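Asker: Structure supplied as data28.csv; contents: CSV, C-alpha atoms.
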```
chain,number,residue,atom,x,y,z
A,1,GLY,CA,0.0,0.0,0.0
A,2,GLN,CA,1.1,3.5,-0.7
A,3,THR,CA,2.0,5.7,2.3
A,4,ALA,CA,3.2,9.3,2.5
A,5,ASP,CA,6.7,8.1,2.7
A,6,GLY,CA,7.3,5.2,0.3
A,7,ILE,CA,5.4,2.0,-0.3
A,8,VAL,CA,4.6,-0.8,2.1
A,9,VAL,CA,5.0,-4.3,0.7
A,10,TYR,CA,4.8,-7.7,2.3
A,11,SER,CA,7.5,-10.4,2.1
A,12,ARG,CA,7.0,-13.7,4.0
A,13,GLY,CA,4.3,-12.1,6.1
A,14,ARG,CA,6.4,-9.2,7.1
A,15,PRO,CA,5.8,-5.6,6.1
A,16,PHE,CA,8.6,-3.6,4.6
A,17,LYS,CA,8.8,0.1,3.5
A,18,VAL,CA,10.4,0.5,0.1
A,19,LYS,CA,11.2,3.6,-1.9
A,20,PRO,CA,11.8,4.0,-5.7
A,21,ILE,CA,15.1,5.8,-6.6
A,22,ASP,CA,13.4,9.1,-7.3
A,23,GLN,CA,11.9,9.2,-3.8
A,24,LEU,CA,15.1,8.5,-1.9
A,25,THR,CA,15.7,11.2,0.8
A,26,VAL,CA,18.0,11.8,3.8
A,27,ASP,CA,17.3,13.7,6.9
A,28,ILE,CA,19.9,16.4,7.8
A,29,LYS,CA,20.1,18.6,10.9
A,30,LEU,CA,20.1,22.3,10.0
A,31,VAL,CA,21.2,25.2,12.2
A,32,VAL,CA,20.2,28.8,11.8
A,33,SER,CA,22.0,31.7,13.4
A,34,GLU,CA,20.3,33.6,16.2
A,35,ASN,CA,19.6,36.6,13.9
A,36,TRP,CA,18.5,34.3,11.1
A,37,ASP,CA,21.2,35.6,8.7
A,38,ASP,CA,23.2,32.4,8.3
A,39,ILE,CA,22.4,28.7,7.8
A,40,CYS,CA,24.6,25.6,7.9
A,41,TRP,CA,24.2,21.9,8.0
A,42,GLN,CA,25.1,20.2,11.3
A,43,THR,CA,26.6,17.0,10.0
A,44,GLU,CA,30.0,15.3,9.8
A,45,HIS,CA,29.1,13.1,6.8
A,46,PRO,CA,31.3,14.2,3.9
A,47,GLU,CA,28.6,13.7,1.3
A,48,LEU,CA,26.0,15.6,3.1
A,49,LYS,CA,28.3,18.6,3.7
A,50,LYS,CA,28.3,19.1,-0.1
A,51,PHE,CA,24.6,19.5,-0.3
A,52,PRO,CA,23.5,23.1,-1.1
A,53,VAL,CA,22.1,24.9,2.0
A,54,PRO,CA,18.5,26.2,1.6
A,55,THR,CA,17.9,29.9,1.7
A,56,ILE,CA,16.0,31.7,4.5
A,57,ASP,CA,13.1,32.3,2.1
A,58,LYS,CA,13.0,28.6,1.4
A,59,LEU,CA,12.8,27.7,5.1
A,60,ILE,CA,10.0,30.2,5.7
A,61,GLU,CA,8.2,28.8,2.6
A,62,LEU,CA,8.4,25.4,4.2
A,63,GLY,CA,6.7,26.7,7.4
A,64,ALA,CA,9.8,27.2,9.6
A,65,ASP,CA,9.1,28.7,13.0
A,66,THR,CA,11.3,31.9,13.1
A,67,LEU,CA,11.6,31.6,16.9
A,68,SER,CA,13.5,28.3,16.4
A,69,THR,CA,17.1,27.9,15.2
A,70,VAL,CA,17.4,24.1,14.8
A,71,PHE,CA,15.5,22.0,12.3
A,72,VAL,CA,15.7,18.6,10.6
A,73,ALA,CA,15.4,18.9,6.8
A,74,GLU,CA,14.3,16.0,4.5
A,75,VAL,CA,16.4,16.4,1.4
A,76,SER,CA,15.9,14.7,-2.0
A,77,LEU,CA,19.0,12.7,-3.2
A,78,SER,CA,18.1,13.3,-6.8
A,79,THR,CA,17.5,17.1,-6.7
A,80,LYS,CA,19.5,17.9,-3.5
A,81,GLU,CA,16.6,20.2,-2.5
A,82,VAL,CA,14.8,20.4,0.9
A,83,ILE,CA,11.4,18.8,0.5
A,84,ARG,CA,10.1,19.5,4.0
A,85,LEU,CA,11.0,20.1,7.6
A,86,ARG,CA,10.6,17.1,9.9
A,87,GLU,CA,8.7,18.3,13.0
A,88,ASP,CA,8.6,14.7,14.2
A,89,LYS,CA,12.4,14.4,14.5
A,90,SER,CA,15.2,16.2,16.4
A,91,THR,CA,18.2,14.5,14.8
A,92,GLY,CA,19.3,13.7,11.3
A,93,ASN,CA,19.9,10.2,9.9
A,94,PRO,CA,22.9,8.3,11.5
A,95,ASP,CA,25.9,8.1,9.1
A,96,ARG,CA,25.4,4.3,8.5
A,97,VAL,CA,21.8,4.9,7.4
A,98,VAL,CA,23.0,7.7,5.1
A,99,ASP,CA,25.7,5.4,3.7
A,100,TYR,CA,23.2,2.7,2.9
A,101,ILE,CA,20.7,5.1,1.2
A,102,ILE,CA,23.4,6.7,-0.9
A,103,SER,CA,24.8,3.3,-1.9
A,104,CYS,CA,21.3,2.3,-3.1
A,105,TYR,CA,21.0,5.5,-5.1
A,106,ARG,CA,24.3,5.0,-6.8
A,107,LYS,CA,23.6,1.4,-7.6
A,108,ASP,CA,20.1,2.3,-8.9
A,109,GLU,CA,18.5,-0.1,-6.4
A,110,VAL,CA,15.2,0.2,-4.6
A,111,TYR,CA,15.8,1.2,-1.0
A,112,GLY,CA,14.1,-1.2,1.4
A,113,SER,CA,13.6,-1.1,5.1
A,114,ARG,CA,15.3,-4.5,5.6
A,115,SER,CA,18.3,-2.5,6.6
A,116,ALA,CA,16.3,-1.0,9.4
A,117,TRP,CA,16.5,-4.2,11.4
A,118,SER,CA,19.7,-2.6,12.6
A,119,GLY,CA,18.5,1.0,12.4
A,120,ARG,CA,15.4,3.1,13.1
A,121,CYS,CA,13.7,3.3,9.8
A,122,LEU,CA,10.8,0.9,10.2
A,123,GLN,CA,8.1,3.5,9.8
A,124,VAL,CA,5.5,0.8,9.1
A,125,TYR,CA,5.9,-0.4,12.6
A,126,THR,CA,5.7,3.1,13.9
A,127,LEU,CA,2.3,3.3,12.1
A,128,ILE,CA,1.2,0.0,13.8
A,129,ASN,CA,2.2,1.5,17.1
A,130,LYS,CA,0.3,4.7,16.5
A,131,LEU,CA,-2.8,2.8,15.4
A,132,PHE,CA,-3.1,1.0,18.7
A,133,ILE,CA,-4.6,3.9,20.5
A,134,HIS,CA,-7.0,4.5,17.6
A,135,TYR,CA,-8.1,0.9,17.8
A,136,LEU,CA,-8.6,1.1,21.5
A,137,LEU,CA,-10.7,4.3,21.4
A,138,LEU,CA,-13.0,2.8,18.7
A,139,ARG,CA,-13.3,-0.6,20.3
A,140,HIS,CA,-13.7,0.3,23.9
A,141,CYS,CA,-15.3,3.8,24.1
A,142,ASP,CA,-18.9,4.6,23.4
A,143,LYS,CA,-18.3,8.3,22.6
A,144,VAL,CA,-15.2,10.5,22.5
A,145,LEU,CA,-16.3,14.1,22.3
A,146,THR,CA,-13.8,15.4,24.9
A,147,LEU,CA,-10.4,13.9,25.6
A,148,LEU,CA,-7.7,14.5,28.1
A,149,ASP,CA,-4.2,13.3,26.9
A,150,LEU,CA,-1.6,13.1,29.6
A,151,GLY,CA,2.0,13.1,28.3
A,152,SER,CA,1.6,14.0,24.6
A,153,GLY,CA,5.2,13.9,23.5
A,154,PHE,CA,5.7,15.3,20.0
A,155,GLY,CA,2.0,15.0,19.2
A,156,GLY,CA,2.1,11.6,17.4
A,157,ASP,CA,-1.6,11.0,18.3
A,158,LEU,CA,-2.8,14.2,16.6
A,159,PRO,CA,-4.1,12.3,13.5
A,160,THR,CA,-6.2,10.1,15.8
A,161,TRP,CA,-7.7,13.0,17.6
A,162,LYS,CA,-8.5,14.7,14.3
A,163,ALA,CA,-10.1,11.6,12.9
A,164,LEU,CA,-12.4,11.3,16.0
A,165,GLY,CA,-13.3,15.0,15.8
A,166,CYS,CA,-12.9,15.4,19.6
A,167,PHE,CA,-11.9,18.4,21.7
A,168,VAL,CA,-8.6,17.7,23.4
A,169,VAL,CA,-6.7,19.1,26.4
A,170,CYS,CA,-3.2,17.8,26.6
A,171,CYS,CA,0.1,18.3,28.4
A,172,GLU,CA,3.8,17.7,27.9
A,173,PRO,CA,6.5,18.8,30.4
A,174,ASN,CA,9.6,18.3,28.2
A,175,ASP,CA,10.7,21.6,26.5
A,176,LYS,CA,11.8,20.1,23.2
A,177,ARG,CA,8.7,17.9,22.8
A,178,TYR,CA,6.4,20.6,23.9
A,179,ASP,CA,7.8,23.1,21.3
A,180,VAL,CA,7.1,20.6,18.5
A,181,LEU,CA,3.7,19.7,19.9
A,182,GLU,CA,2.7,23.4,20.1
A,183,ARG,CA,3.8,24.1,16.6
A,184,LYS,CA,1.7,21.2,15.3
A,185,VAL,CA,-1.5,22.4,16.9
A,186,LYS,CA,-1.0,26.2,16.5
A,187,ARG,CA,-3.9,26.6,14.1
A,188,ASN,CA,-6.0,23.7,15.5
A,189,ASN,CA,-9.0,25.0,17.5
A,190,GLN,CA,-9.8,21.5,18.8
A,191,VAL,CA,-6.6,21.1,20.8
A,192,VAL,CA,-5.3,22.9,23.9
A,193,THR,CA,-1.7,22.3,24.8
A,194,ILE,CA,-0.4,23.0,28.3
A,195,LYS,CA,3.3,22.8,29.3
A,196,THR,CA,3.1,21.0,32.6
A,197,ASP,CA,3.2,17.5,34.0
A,198,MET,CA,0.3,15.1,34.2
A,199,ILE,CA,-0.6,15.5,37.9
A,200,SER,CA,-0.4,19.3,37.8
A,201,LEU,CA,-2.7,19.5,34.8
A,202,VAL,CA,-5.4,17.3,36.5
A,203,GLU,CA,-5.1,19.4,39.7
A,204,ASP,CA,-5.6,22.6,37.7
A,205,LEU,CA,-8.6,21.1,35.8
A,206,LEU,CA,-10.2,20.4,39.2
A,207,GLN,CA,-9.7,24.0,40.2
A,208,LEU,CA,-11.3,25.5,37.0
A,209,ARG,CA,-14.6,26.5,38.7
A,210,THR,CA,-13.0,28.0,41.8
A,211,SER,CA,-9.8,29.6,40.5
A,212,ALA,CA,-10.5,33.3,39.7
A,213,ASP,CA,-7.2,33.8,37.8
A,214,SER,CA,-6.4,30.7,35.8
A,215,SER,CA,-4.1,30.6,32.7
A,216,LEU,CA,-5.5,27.2,32.0
A,217,ARG,CA,-9.1,28.6,31.9
A,218,GLU,CA,-7.9,31.3,29.5
A,219,SER,CA,-6.2,28.8,27.2
A,220,ILE,CA,-9.3,26.6,27.0
A,221,ALA,CA,-11.6,29.7,26.6
A,222,ASN,CA,-9.6,30.9,23.6
A,223,LYS,CA,-10.6,27.7,21.8
A,224,ARG,CA,-13.8,26.4,23.4
A,225,LEU,CA,-15.5,28.8,25.9
A,226,GLU,CA,-18.0,26.2,27.2
A,227,PHE,CA,-15.2,24.1,28.7
A,228,SER,CA,-13.4,27.0,30.4
A,229,THR,CA,-15.2,26.6,33.8
A,230,GLU,CA,-15.6,22.8,33.7
A,231,PHE,CA,-13.8,20.2,31.6
A,232,ILE,CA,-15.0,16.6,32.2
A,233,PRO,CA,-13.3,14.3,29.6
A,234,ASP,CA,-15.1,11.4,28.0
A,235,VAL,CA,-11.8,9.6,27.9
A,236,VAL,CA,-8.4,10.1,29.4
A,237,THR,CA,-5.4,8.7,27.5
A,238,ILE,CA,-2.0,8.0,29.2
A,239,VAL,CA,0.2,6.6,26.4
A,240,ARG,CA,3.6,5.4,27.4
A,241,SER,CA,4.0,8.0,30.2
A,242,LEU,CA,3.6,5.9,33.4
A,243,SER,CA,7.3,5.0,33.4
A,244,ASN,CA,7.9,8.5,34.7
A,245,LEU,CA,5.8,8.0,37.8
A,246,THR,CA,6.2,6.0,41.0
A,247,THR,CA,3.5,3.7,42.3
A,248,GLU,CA,2.4,6.3,44.8
A,249,GLU,CA,2.2,9.0,42.1
A,250,ILE,CA,0.1,6.7,39.9
A,251,SER,CA,-2.3,6.1,42.8
A,252,TYR,CA,-2.6,9.9,43.4
A,253,LEU,CA,-3.2,10.6,39.7
A,254,LEU,CA,-6.0,8.0,39.6
A,255,SER,CA,-7.6,9.5,42.7
A,256,LEU,CA,-7.6,12.9,41.0
A,257,LEU,CA,-9.1,11.5,37.8
A,258,GLN,CA,-11.8,10.0,40.0
A,259,LYS,CA,-12.6,13.4,41.4
A,260,LEU,CA,-12.6,14.8,37.8
A,261,LYS,CA,-15.3,12.2,37.0
A,262,ALA,CA,-13.3,10.7,34.2
A,263,ASN,CA,-15.4,7.7,33.2
A,264,LYS,CA,-12.9,6.0,30.9
A,265,ILE,CA,-9.1,5.9,31.1
A,266,ILE,CA,-6.9,4.2,28.5
A,267,ILE,CA,-3.4,3.5,29.7
A,268,ILE,CA,-0.8,2.1,27.3
A,269,THR,CA,2.4,1.0,29.0
A,270,THR,CA,5.0,-1.8,29.3
A,271,CYS,CA,4.6,-3.9,32.4
A,272,GLU,CA,7.0,-6.2,34.3
A,273,GLU,CA,5.1,-9.5,33.7
A,274,VAL,CA,5.1,-9.0,29.9
A,275,VAL,CA,8.8,-8.2,29.6
A,276,SER,CA,9.7,-11.0,32.0
A,277,ASN,CA,7.8,-13.5,29.9
A,278,TRP,CA,9.3,-12.2,26.7
A,279,VAL,CA,12.8,-12.5,28.0
A,280,SER,CA,12.1,-16.0,29.4
A,281,LEU,CA,10.9,-17.2,25.9
A,282,GLY,CA,14.2,-16.0,24.4
A,283,LYS,CA,12.4,-13.6,22.1
A,284,ARG,CA,14.2,-10.7,20.6
A,285,LEU,CA,13.7,-7.3,22.2
A,286,THR,CA,14.6,-3.9,20.9
A,287,VAL,CA,16.4,-2.0,23.6
A,288,ASN,CA,18.2,0.8,21.7
A,289,TYR,CA,17.1,2.2,18.4
A,290,ASP,CA,20.5,3.9,17.7
A,291,GLN,CA,22.4,0.6,17.9
A,292,GLY,CA,19.8,-1.9,16.7
A,293,TYR,CA,18.0,-5.1,17.8
A,294,TYR,CA,19.7,-7.0,20.6
A,295,LYS,CA,18.6,-10.0,22.5
A,296,VAL,CA,17.8,-9.3,26.1
A,297,THR,CA,19.6,-11.6,28.5
A,298,ARG,CA,18.0,-10.5,31.8
A,299,PHE,CA,16.4,-7.5,33.4
A,300,LYS,CA,16.2,-6.4,37.0
A,301,GLN,CA,13.9,-4.0,38.8
A,302,GLU,CA,15.8,-1.7,41.1
A,303,PRO,CA,14.3,1.0,43.4
A,304,GLU,CA,14.9,3.9,41.0
A,305,LYS,CA,15.2,2.2,37.6
A,306,VAL,CA,15.1,-1.0,35.6
A,307,VAL,CA,18.4,-2.4,34.4
A,308,VAL,CA,18.1,-4.4,31.1
A,309,SER,CA,21.1,-6.4,30.0
A,310,TYR,CA,21.4,-7.3,26.4
A,311,ASP,CA,23.9,-9.0,24.1
A,312,THR,CA,25.3,-6.9,21.3
A,313,GLY,CA,27.2,-9.8,19.9
A,314,SER,CA,30.6,-8.3,20.8
A,315,GLY,CA,29.9,-7.7,24.5
A,316,LYS,CA,27.3,-6.8,27.1
A,317,SER,CA,25.6,-3.4,27.6
A,318,GLU,CA,23.0,-2.1,29.9
A,319,TYR,CA,19.9,0.0,29.2
A,320,TYR,CA,18.1,2.0,31.8
A,321,LYS,CA,14.5,2.8,32.2
A,322,ASP,CA,12.7,4.8,34.9
A,323,TYR,CA,10.0,2.5,36.2
A,324,LEU,CA,8.6,-0.8,35.1
A,325,HIS,CA,5.4,-1.4,36.9
A,326,SER,CA,3.6,-4.7,37.7
A,327,LEU,CA,0.3,-5.2,35.9
A,328,ASN,CA,-1.2,-6.7,39.0
A,329,ILE,CA,-0.2,-3.6,41.0
A,330,LEU,CA,-1.7,-1.3,38.4
A,331,ILE,CA,-5.0,-3.2,38.5
A,332,ARG,CA,-5.0,-3.0,42.3
A,333,LEU,CA,-4.4,0.7,42.2
A,334,ALA,CA,-7.2,1.2,39.8
A,335,ARG,CA,-9.6,-0.9,42.0
A,336,ASP,CA,-8.6,1.1,45.1
A,337,ASN,CA,-9.5,4.3,43.3
A,338,GLY,CA,-12.9,3.1,42.0
A,339,TYR,CA,-12.0,1.8,38.5
A,340,SER,CA,-12.6,-1.7,37.0
A,341,SER,CA,-9.9,-2.9,34.6
A,342,LYS,CA,-9.8,-4.7,31.3
A,343,VAL,CA,-6.4,-5.7,29.8
A,344,VAL,CA,-5.6,-5.7,26.1
A,345,TYR,CA,-2.3,-7.0,24.9
A,346,SER,CA,-0.6,-5.2,22.0
A,347,GLU,CA,0.8,-8.5,20.7
A,348,ASP,CA,-2.8,-9.8,20.3
A,349,TYR,CA,-3.9,-6.6,18.6
A,350,VAL,CA,-1.1,-6.9,16.0
A,351,LYS,CA,-2.0,-10.5,15.3
A,352,GLU,CA,-5.7,-9.6,15.0
A,353,CYS,CA,-5.4,-6.5,12.8
A,354,PHE,CA,-2.3,-7.3,10.8
A,355,GLY,CA,-2.0,-11.0,10.9
A,356,LEU,CA,1.6,-10.8,12.1
A,357,GLU,CA,3.2,-12.9,14.9
A,358,ALA,CA,6.5,-12.0,16.6
A,359,THR,CA,9.1,-14.7,16.5
A,360,ASN,CA,12.9,-14.6,16.4
A,361,ASP,CA,12.7,-15.2,12.7
A,362,ASN,CA,10.3,-12.4,12.3
A,363,PRO,CA,11.6,-9.7,14.6
A,364,TYR,CA,9.0,-7.0,14.4
A,365,ALA,CA,9.3,-6.9,18.2
A,366,LEU,CA,9.3,-3.2,18.7
A,367,PRO,CA,8.4,-1.9,22.1
A,368,CYS,CA,4.8,-1.6,21.0
A,369,VAL,CA,4.5,-5.4,20.9
A,370,LEU,CA,5.5,-5.4,24.6
A,371,ASP,CA,2.8,-2.9,25.5
A,372,ILE,CA,-0.4,-3.7,27.3
A,373,ALA,CA,-3.4,-1.5,27.4
A,374,LEU,CA,-5.3,-1.1,30.6
A,375,ILE,CA,-8.9,0.0,30.0
A,376,LEU,CA,-10.3,1.6,33.2
A,377,THR,CA,-14.0,2.2,33.7
A,378,ARG,CA,-15.3,4.4,36.6
A,379,GLN,CA,-17.4,2.4,39.1
A,380,ARG,CA,-18.5,5.2,41.5
```
Using structure tokens, write down the structure from this file.

Answerer:
Amino acid sequence: GQTADGIVVYSRGRPFKVKPIDQLTVDIKLVVSENWDDICWQTEHPELKKFPVPTIDKLIELGADTLSTVFVAEVSLSTKEVIRLREDKSTGNPDRVVDYIISCYRKDEVYGSRSAWSGRCLQVYTLINKLFIHYLLLRHCDKVLTLLDLGSGFGGDLPTWKALGCFVVCCEPNDKRYDVLERKVKRNNQVVTIKTDMISLVEDLLQLRTSADSSLRESIANKRLEFSTEFIPDVVTIVRSLSNLTTEEISYLLSLLQKLKANKIIIITTCEEVVSNWVSLGKRLTVNYDQGYYKVTRFKQEPEKVVVSYDTGSGKSEYYKDYLHSLNILIRLARDNGYSSKVVYSEDYVKECFGLEATNDNPYALPCVLDIALILTRQR
């Protein structure tokens, strides 16, 4: 099937993204001076350094935010011109990916994402990942007129919100992610973005009626006046953000959402039981996009982080994650705060919707396959 970035084909039951020669592109980091009077590529790759730098007028034509000075440009290999600015990326392609794409171009070969087993180019799997939340909203929610998204990142779920036609209040505390998110929704009257953490946003929403001077109220009123004094979401989504919270913080967040009268909460996260089972079966697990797919040898929960050990083939390394919560504990926390739980496994969703099954010979085992979705329904 045709996508916005190449063509997806199937080989032995596996999807691959391929690009004809005339569609081959590379992503290069671009830096503009503070006064916007000078532009240069930020790359050490000798081939990319030779590419002509776009003009200021060209950047503005492509929608560059003049308050920013760093961009990632997608450049055509055939014309050497900038096609678009990548708002979804903060870095250019790694040198080894650039080398492979350029070699395909010179040999007049079709570029295929098989190379991405050791890279980060499997956009078809990113698409599967993003469709998971859409699938859950359609399958498990009666109506979605208003939505609260806690931890929105770069705004990857914006297409889902737009397709549903719902009014969204969302938050993101990270500076870089929030800047990208805000630019994406600048002209969207259906989405309000707040630069804050999850717990603080819900606390502020609870104070909308009583707070006389509220920047949150003003932000909502600028787009939908009727929600400026009370916002009760039909659905709350927390997509891959729980790893930033301790067990105590999750319990407090759920108690706040209960007070907000949030009837449905969809949590997508990775839990201890799924990862443990995956490792015990000897299945392949992606632990570092920059370095590729490595087989996990063990993982250990420590008080402040999870230590995942994996085999690179030439030695051992370790990957750290903030918190890896137990599914049973999450279900208990939900019950203690007045919510019933239903579990949906991402691996089952991928099998049902795409007919794909993860094995060591078919390593589509991106982190999304290790996800579970917890559908919480308010009981009181």

Asker: Between A:Ile101, A:Val274, A:Leu333, A:Ile268, which is the closest to Ile238 (chain A) once you count all atoms listed in the file?

Answerer: A:Ile268

Asker: Using all atoms listed in the file, which of the listed residues (A:Asp95, A:Asp197, A:Asp27, A:Glu87) sits closest to Gly156 (chain A)?

Answerer: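 Closest to Gly156 (chain A) of all the choices is A:Glu87.
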
Asker: For a test of reading the model, state the distance in Å between CA of Thr91 (chain A) and CA of Ser76 (chain A), rounded to one decimal.

Answerer: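 A separation of 17.0 Å between them.
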
Asker: Could you please determine the separation between CA of Pro54 (chain A) and CA of Asp175 (chain A) in Å, to one decimal place?

Answerer: 26.5 Å

Asker: Please work out which residues fall within 7 Å of (21.2, 15.5, 10.2), coordinates as given in the file, with only C-alpha atoms counting, and return them as a count of residues only.

Answerer: 10

Asker: Find the residues around region 205-219 of chain A up to 12 Å (all atoms listed in the file counted), leave out those fewer than 5 positions away in its own chain, and share them as a PyMOL selection string.

Answerer: chain A and resi 148+168-171+189-196+198-200+224-233+255-262

Asker: Those selected residues, please, written with C-alpha atoms and delivered as a PDB file, in the coordinates of the input.

Answerer:
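Result written to part_24.pdb:
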```pdb
ATOM      1  CA  LEU A 148      -7.700  14.500  28.100  1.00  0.00           C
ATOM      2  CA  VAL A 168      -8.600  17.700  23.400  1.00  0.00           C
ATOM      3  CA  VAL A 169      -6.700  19.100  26.400  1.00  0.00           C
ATOM      4  CA  CYS A 170      -3.200  17.800  26.600  1.00  0.00           C
ATOM      5  CA  CYS A 171       0.100  18.300  28.400  1.00  0.00           C
ATOM      6  CA  ASN A 189      -9.000  25.000  17.500  1.00  0.00           C
ATOM      7  CA  GLN A 190      -9.800  21.500  18.800  1.00  0.00           C
ATOM      8  CA  VAL A 191      -6.600  21.100  20.800  1.00  0.00           C
ATOM      9  CA  VAL A 192      -5.300  22.900  23.900  1.00  0.00           C
ATOM     10  CA  THR A 193      -1.700  22.300  24.800  1.00  0.00           C
ATOM     11  CA  ILE A 194      -0.400  23.000  28.300  1.00  0.00           C
ATOM     12  CA  LYS A 195       3.300  22.800  29.300  1.00  0.00           C
ATOM     13  CA  THR A 196       3.100  21.000  32.600  1.00  0.00           C
ATOM     14  CA  MET A 198       0.300  15.100  34.200  1.00  0.00           C
ATOM     15  CA  ILE A 199      -0.600  15.500  37.900  1.00  0.00           C
ATOM     16  CA  SER A 200      -0.400  19.300  37.800  1.00  0.00           C
ATOM     17  CA  ARG A 224     -13.800  26.400  23.400  1.00  0.00           C
ATOM     18  CA  LEU A 225     -15.500  28.800  25.900  1.00  0.00           C
ATOM     19  CA  GLU A 226     -18.000  26.200  27.200  1.00  0.00           C
ATOM     20  CA  PHE A 227     -15.200  24.100  28.700  1.00  0.00           C
ATOM     21  CA  SER A 228     -13.400  27.000  30.400  1.00  0.00           C
ATOM     22  CA  THR A 229     -15.200  26.600  33.800  1.00  0.00           C
ATOM     23  CA  GLU A 230     -15.600  22.800  33.700  1.00  0.00           C
ATOM     24  CA  PHE A 231     -13.800  20.200  31.600  1.00  0.00           C
ATOM     25  CA  ILE A 232     -15.000  16.600  32.200  1.00  0.00           C
ATOM     26  CA  PRO A 233     -13.300  14.300  29.600  1.00  0.00           C
ATOM     27  CA  SER A 255      -7.600   9.500  42.700  1.00  0.00           C
ATOM     28  CA  LEU A 256      -7.600  12.900  41.000  1.00  0.00           C
ATOM     29  CA  LEU A 257      -9.100  11.500  37.800  1.00  0.00           C
ATOM     30  CA  GLN A 258     -11.800  10.000  40.000  1.00  0.00           C
ATOM     31  CA  LYS A 259     -12.600  13.400  41.400  1.00  0.00           C
ATOM     32  CA  LEU A 260     -12.600  14.800  37.800  1.00  0.00           C
ATOM     33  CA  LYS A 261     -15.300  12.200  37.000  1.00  0.00           C
ATOM     34  CA  ALA A 262     -13.300  10.700  34.200  1.00  0.00           C
TER      35      ALA A 262
END
```

Asker: Interatomic distance between CA of Phe51 (chain A) and CA of Val98 (chain A)?

Answerer: 13.1 Å

Asker: I'd like the contact shell of Ile267 (chain A) - 8 Å cut-off, all atoms listed in the file, skipping same-chain residues fewer than 2 positions apart - returned as a PDB file with C-alpha atoms, in the coordinates of the input.

Answerer:
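Result file part.pdb:
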```pdb
ATOM      1  CA  THR A 237      -5.400   8.700  27.500  1.00  0.00           C
ATOM      2  CA  ILE A 238      -2.000   8.000  29.200  1.00  0.00           C
ATOM      3  CA  VAL A 239       0.200   6.600  26.400  1.00  0.00           C
ATOM      4  CA  ARG A 240       3.600   5.400  27.400  1.00  0.00           C
ATOM      5  CA  ILE A 265      -9.100   5.900  31.100  1.00  0.00           C
ATOM      6  CA  THR A 269       2.400   1.000  29.000  1.00  0.00           C
ATOM      7  CA  ALA A 373      -3.400  -1.500  27.400  1.00  0.00           C
ATOM      8  CA  LEU A 374      -5.300  -1.100  30.600  1.00  0.00           C
ATOM      9  CA  ILE A 375      -8.900   0.000  30.000  1.00  0.00           C
ATOM     10  CA  LEU A 376     -10.300   1.600  33.200  1.00  0.00           C
TER      11      LEU A 376
END
```

Asker: I'd like to know which of A:Val26, A:Leu59, A:Lys143, A:Ser103 is closest to Glu74 (chain A), using all atoms listed in the file.

Answerer: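 Selected residue with least distance to Glu74 (chain A): A:Val26.
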
Asker: Which residues are close to Asp99 (chain A), i.e. within 12 Å by all atoms listed in the file, leaving aside same-chain residues fewer than 3 positions away? Reply as a list in words.

Answerer: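 The residues that qualify are Thr25, Val26, His45, Pro46, Glu47, Leu48, Asn93, Pro94, Asp95, Arg96, Ile102, Ser103, Cys104, Tyr105, Arg106, Tyr111 and Ser115 of chain A.
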
Asker: For Tyr323 (chain A), which of A:Thr377, A:Asn244, A:Ser276, A:Thr270 is the closest residue, counting all atoms listed in the file?

Answerer: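 Residue with the minimum atom-to-atom distance to Tyr323 (chain A): A:Asn244.
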
Asker: Please provide as a PyMOL selection string all residues within 12 Å of Thr160 (chain A), with the sequence filter that same-chain residues fewer than 2 positions apart are discarded (counting all atoms listed in the file).

Answerer: chain A and resi 127+130-138+144+147+149+155-158+162-168+237

Asker: Please identify all polymer residues lying at most 10 Å from the point (-10.7, 0.7, 41.8) (file coordinates), using all atoms listed in the file, and present the result as a ChimeraX atom specification.

Answerer: /A:254-255,258,330-341,376-380

Asker: Nearest to Ser241 (chain A): which of A:Ile220, A:Leu181, A:Ile329, A:Leu150 is it, counting all atoms listed in the file?

Answerer: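 Result for the nearest residue to Ser241 (chain A): A:Leu150.
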